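Chemist: Please read through the structure below; I'll follow up with questions.
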Amino acid sequence: MEVVNLIPLSLVKTRNSRRLTSTAFWAICIALVGLLGNGMSQAPQLLLANSLTLLIGVLALQIFSGNSGILSFGHVGFVGVSAYTTGIMSMTPIVKQTSLSSLPVFLQQTSFPFPIAMLCGIVAATLVGVLSGLVIARLRDSATIASVGILIIIHSTLIGAEDFTRGSQTFYGVKRFTSVPVAAVVAIVALVVARWFRDSRVGIHVRASRDDVIAASSAGVRIQQSQFKAWVLSAAVAGGMGACYAGLLGAFSPKDFYFTLTLTMLTMLIVGGSGSVAGAVVGVVLVMAVIENLRKIGDSIGLFGLTNAGLAVIILLTLYLRPKGIMGFHEPEENAAYRGEAPRLGTQVTQQNSVSSGQQVLTVTSLTKKFSGLVALDGAAIFVERGKISGLIGPNGSGKSTMVNCITGVTKADAASITLGNLNIEKEQTWQRARAGLGRTFQNIRLFKELTVIDNVVVACISAGESVKSADQSALALLDQVGVSRHAYRFAGELSFGDQRRVEIARALALRPSVLLLDEPAAGMNPTESAELLAQFREIMKQANAGMLLIDHDVTLIRSACDSLTVLDHGKVIAQGDPEQVLSLSEVHTAYLGWGEESSDDD
Amino acid sequence: MMTNQQLMKGSEQMMTNQQLMKGSEQMQRKSGLSKVSKTIAGLSAIMLLATCSSGGSDATASGEAAAPATGGACTVKVGVAGSQTGGLAYIDVPSLEGFELWAEQVNAKGGIAGKFTIETIVKDTRSDAAQSATVAAELVAQQISILITPGDADPSIAAGQLAQDAGVTAVSWFGSSPILPLAVGDHMFSNAFGDNTQAKVLADHATEKGYKSAYTLGSPDSAYTNLLPGFFKEAFEANGGKVIGEGTFSMGQASFSVIVDEIKGLSPAPDVIMTPAYEPDFPTFIKALRGAGITIPVLGTDGIDSPTTLALADIAEGVTYTTAGVLKNEGEMGTFFTDYNAKYGKDPETIYAVTGYEMGLTLDAVVKQAQSCDAAAIWQAWSNLEGAQGITGKISYKGGDRMAIRGVALVEIKNSERSLIGMFSPDPATVPKAKL
């Protein structure tokens, strides 16, 4: 992209400089629009004020939907709540006497200047955001449908609260205070909030959960809480739009805050690209430009459907050519930064842990899990010692992955006693177990594909309590440790299979784990690669002072790597102890029917 | 009287189509958002395309033929901020067609009074309130003599405020909410009779029929369905009648059995039922009512003046309702039918084509009175207009609350056809006052 090459690398080197560059750029653009617009005649002024007002709302949507990946229909509801609140708070008592005669007395008398009324609107939208957020935060796949419900509930409430809103009748008498500069100021604030949030601790966590929920919680992301925070923040920003919209129209009714406006705003976000703040801006500018120009052409030649036809074409073209929206998932300044060299490590962060090997750090006993009658795990037990590698093998379907999932909390065990260090963690959530020191990788690699390699690791560093700035440093050090720091600025999905595995391990390490659970880390590697990997594991364990649970099919690897070995069959532990001894047991041979002889040939 | 109905329909469609769309997502692997977003965007596109066809009316620039300025001649610049596309197009598009027919006829005769030619500048508001304001500002900036606004309160208020500030008369195509002019100010008018007026006509009819007690059925979901029962009650009780029950429904609700049971349980039974419900609620309600064997007469409002109601056949037989006029190819209306057909190659489909034409006839009378194309003079004349001759009857504004004082047609459904009982123009003083 040419735009990308225009951005000097020096401006976008660090996360903060990227945020600053981007917010400064967009703020200057909006401010210029605000200044220019002020001198124009009424019609273009109204157009600009309307566009800027919509931008505020689209940015609000971007904060939640763009980062979390959950499309929301509910935000126009917050816009409505704030519009009515702002209206009630800013109207003069005389106007209220005629238009809102049944308003409670204390509200009859209040009449605040616009900024305070707007604040009231934002507070009201935020409160509704908190209430609805309690529901939304608990949902994932059904959250979009729930947000439709929230819109309908808010809509009905606005109609029902006749004393405050005049019901379905037009609410009028709001002073038209939304000039272009006013809308520009609010839009700039919304933009700064949205861009800042994207790279905040919560923002990064929400984006991780967008790409992969299970991987995110396993990396210590408290998904519900992050999602809740994003929802409430975006409700507040939507409140900003509501206040401006009230001041733009002067008269409105609940139907103005319903599906039509929702679809307009979603179209803007989707065309621009929901994954980035730049996408929100571009979407609003493009869609408004198309609407406005085609409308003028249509009006002059009498072809009134032209606007809608043009919009439809744009949407279809976007879907066909750039399904992620024009700007995609990444900010231009991010793309600019990532085209450059991967960052160099400033000072080597070394973890000088005293190795106290041999102490039992993970103890799992009586682990039972049934899937509707099928016993996947039946009183299984396993332990991991600090500084040592415990192996876990078993035929396909013997319950190995279920065991890892139960230990990490991804799957809820029917019964279990799991002790990590001194903590009983069997009742904890996945993210709590991760933060308590349980790092893991997945049998099928689960990276956050739309995040950079470094951000994949940063997610876990944040979970471990680091600030974003120090997380950037630690993540780089960890990537260096596993040998992929040269790819730090590439997107995780672009890496080779082996490198993706390494990133996953770095992410697990970022939790400062006391136990690492590696689910078939050598899958798809040749013997030389596996040997290399093994050497790396030993080094990593020494540095992290952790224990390791290694699951694999590769007996050669298991035999040479593990200090102890557990064999699982039909959910039961059939052998446990020294790897050589365990592997020579006849029960183990039977379990792996026919495999024992072949394997000894290899040896 | 546009409401959420259309919007709701759109959303329902969207929900069901979501499943259909899923099949067509065989592009690359996407995160959750892009799947849903593609669906939504695709649907928006389809919905937008669908609305295109509804708005393809001809352009209007009849101003080129402006007569040379002799002897005080000038051009009346009519700015139309109309909903040529979107949810309000069903009112605004036929209204404009009627109006343009009038403008063409007048210009062919050298203009109003042979010297005031009409130039129509049409801009599409896309049924959007914010867009209506922008469009109105553009039109006002073009020094228009008068602004015509959409047939609904919200966009009309948004547009009317700008006309009010500029001292330009604004007239809504057919917004029937009586608060519309009050919310904007003395420059805002509506070409429609107020809902309070049609309620008064219904109440008078009920009284004349000898009905003593009534049951009203409204809905808080739209201003139209919310306010009409109240206006009816006020007028009916002023006539000495009594409203003995006031039911409410949710627009689009699936069943009216609870309400029908409530009516059945009323003792004594009401003499008449009045409701402003329209599609899809009116058909559902009347089917349930008649299905339960209740034969109490039903009074409706202009929202049910549609082929759907006539298609109810026996069930709707005897239903009496108010409307702007009966669209029938005979008498005065017959000439209109012929002219309309000659220009557009089709018969007018709704009464709004007639009321749009009458907007022109009103302007005709106003300009003759004002003898000027100046906005201020036109406002003066419009405010004081008395007895302009329309197709359905006389139209006045003087002494009213800036809603058109015009005949309300009372229609009874007989043999699945509209049968005109008469045109009624109640004395404005007796009409229930609109409360702000």
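As shown in the structure tokens, the chain order sets the letters A, B, ...; within each chain, residues go from 1, and ligands are also counted from 1 in the order they appear.
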Show me which bits of chain A are within 6 Å of chain B, counting only C-alpha atoms, as a ChimeraX atom specification.
Modeler: /A:42-43,46-47,69-70,98-99,168-169,249,252,299,301-305,308-309,312
Chemist: Could you pull out the helix (DSSP H, G or I) residues of range 260-432 of chain A from DSSP and send them as a PyMOL selection string?
Modeler: chain A and resi 260-272+277-301+306-321+332-339+400-408+430-432
Chemist: At a cut-off of 10 Å, using only C-alpha atoms, what residues contact Ala292 in chain B? Leave out same-chain residues fewer than 3 positions from it and give the result as a list in words.
Modeler: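 The residues that qualify are Ser257, Val260, Asp261, Lys264, Ile286, Lys287, Ala288, Leu289 and Thr295 of chain B.
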Chemist: Those same residues - C-alpha atoms - I'd like them written as a compact mmCIF listing (two decimals), in the first residue's frame.
Modeler:
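Everything below was put into again_20.txt:
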```
# COMPACT_ATOMS: atom_id res chain seq x y z
CA SER B 257 -57.53 -12.99 21.12
CA VAL B 260 -61.26 -9.75 21.60
CA ASP B 261 -62.01 -11.58 24.87
CA LYS B 264 -66.55 -9.82 24.60
CA ILE B 286 -60.93 -7.67 12.56
CA LYS B 287 -60.53 -11.32 11.63
CA ALA B 288 -60.26 -12.25 15.31
CA LEU B 289 -63.19 -10.00 16.21
CA THR B 295 -70.74 -7.93 15.10
```
Chemist: Go through A:Ala380, A:Ala187, A:Leu518, A:Val213 and flag the residue nearest Thr23 in chain A, using only C-alpha atoms for the distances.
Modeler: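 Going through A:Ala380, A:Ala187, A:Leu518, A:Val213 one by one, the smallest distance to Thr23 in chain A is for A:Ala187.
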Chemist: Mind pulling up the distance from CA of Ala280 in chain A to CA of Tyr84 in chain A?
Modeler: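 Straight-line distance from CA of Tyr84 in chain A to CA of Ala280 in chain A works out to 25.2 Å.
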Chemist: In Å to one decimal, how far is CA of Ile148 in chain B from CA of Ile159 in chain A?
Modeler: 28.4 Å
Chemist: Find the residues around Ala269 in chain B up to 9 Å (only C-alpha atoms counted), leave out those fewer than 2 positions away in its own chain, and share them as a list in words.
Modeler: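 Neighbouring residues, sequence-local ones excluded: Ser213, Ala214, Tyr215, Ile244, Ile263, Lys264, Gly265, Leu266, Ser267, Asp271, Val272 and Ile296 of chain B.
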Chemist: Which one of B:Ala377, B:Val326, B:Val367, B:Ala206 sits closest to Pro297 in chain B if you count only C-alpha atoms?
Modeler: B:Ala206
Chemist: Residues near Leu48 in chain A, anyone? I mean within 8 Å using only C-alpha atoms, not counting same-chain ones fewer than 6 positions away, as a ChimeraX atom specification.
Modeler: /A:33,37,180
Chemist: With N, CA and C atoms retained, write the just-selected residues as a PDB file, in the first residue's frame.
Modeler:
```
ATOM      1  N   VAL A  33     -11.400  19.707   9.167  1.00  0.00           N
ATOM      2  CA  VAL A  33     -12.787  19.646   8.704  1.00  0.00           C
ATOM      3  C   VAL A  33     -13.635  20.601   9.535  1.00  0.00           C
ATOM      4  N   GLY A  37     -15.334  23.675   7.848  1.00  0.00           N
ATOM      5  CA  GLY A  37     -16.786  23.605   7.831  1.00  0.00           C
ATOM      6  C   GLY A  37     -17.426  24.836   8.433  1.00  0.00           C
ATOM      7  N   VAL A 180     -20.574  22.277  13.360  1.00  0.00           N
ATOM      8  CA  VAL A 180     -19.457  21.450  12.897  1.00  0.00           C
ATOM      9  C   VAL A 180     -18.333  21.407  13.933  1.00  0.00           C
TER      10      VAL A 180
END
```
Chemist: Please identify all polymer residues within 6 Å of range 543-547 of chain A, counting only C-alpha atoms, omitting same-chain residues fewer than 3 positions from it, and present them as a PyMOL selection string.
Modeler: chain A and resi 355+384-388+514-515+540
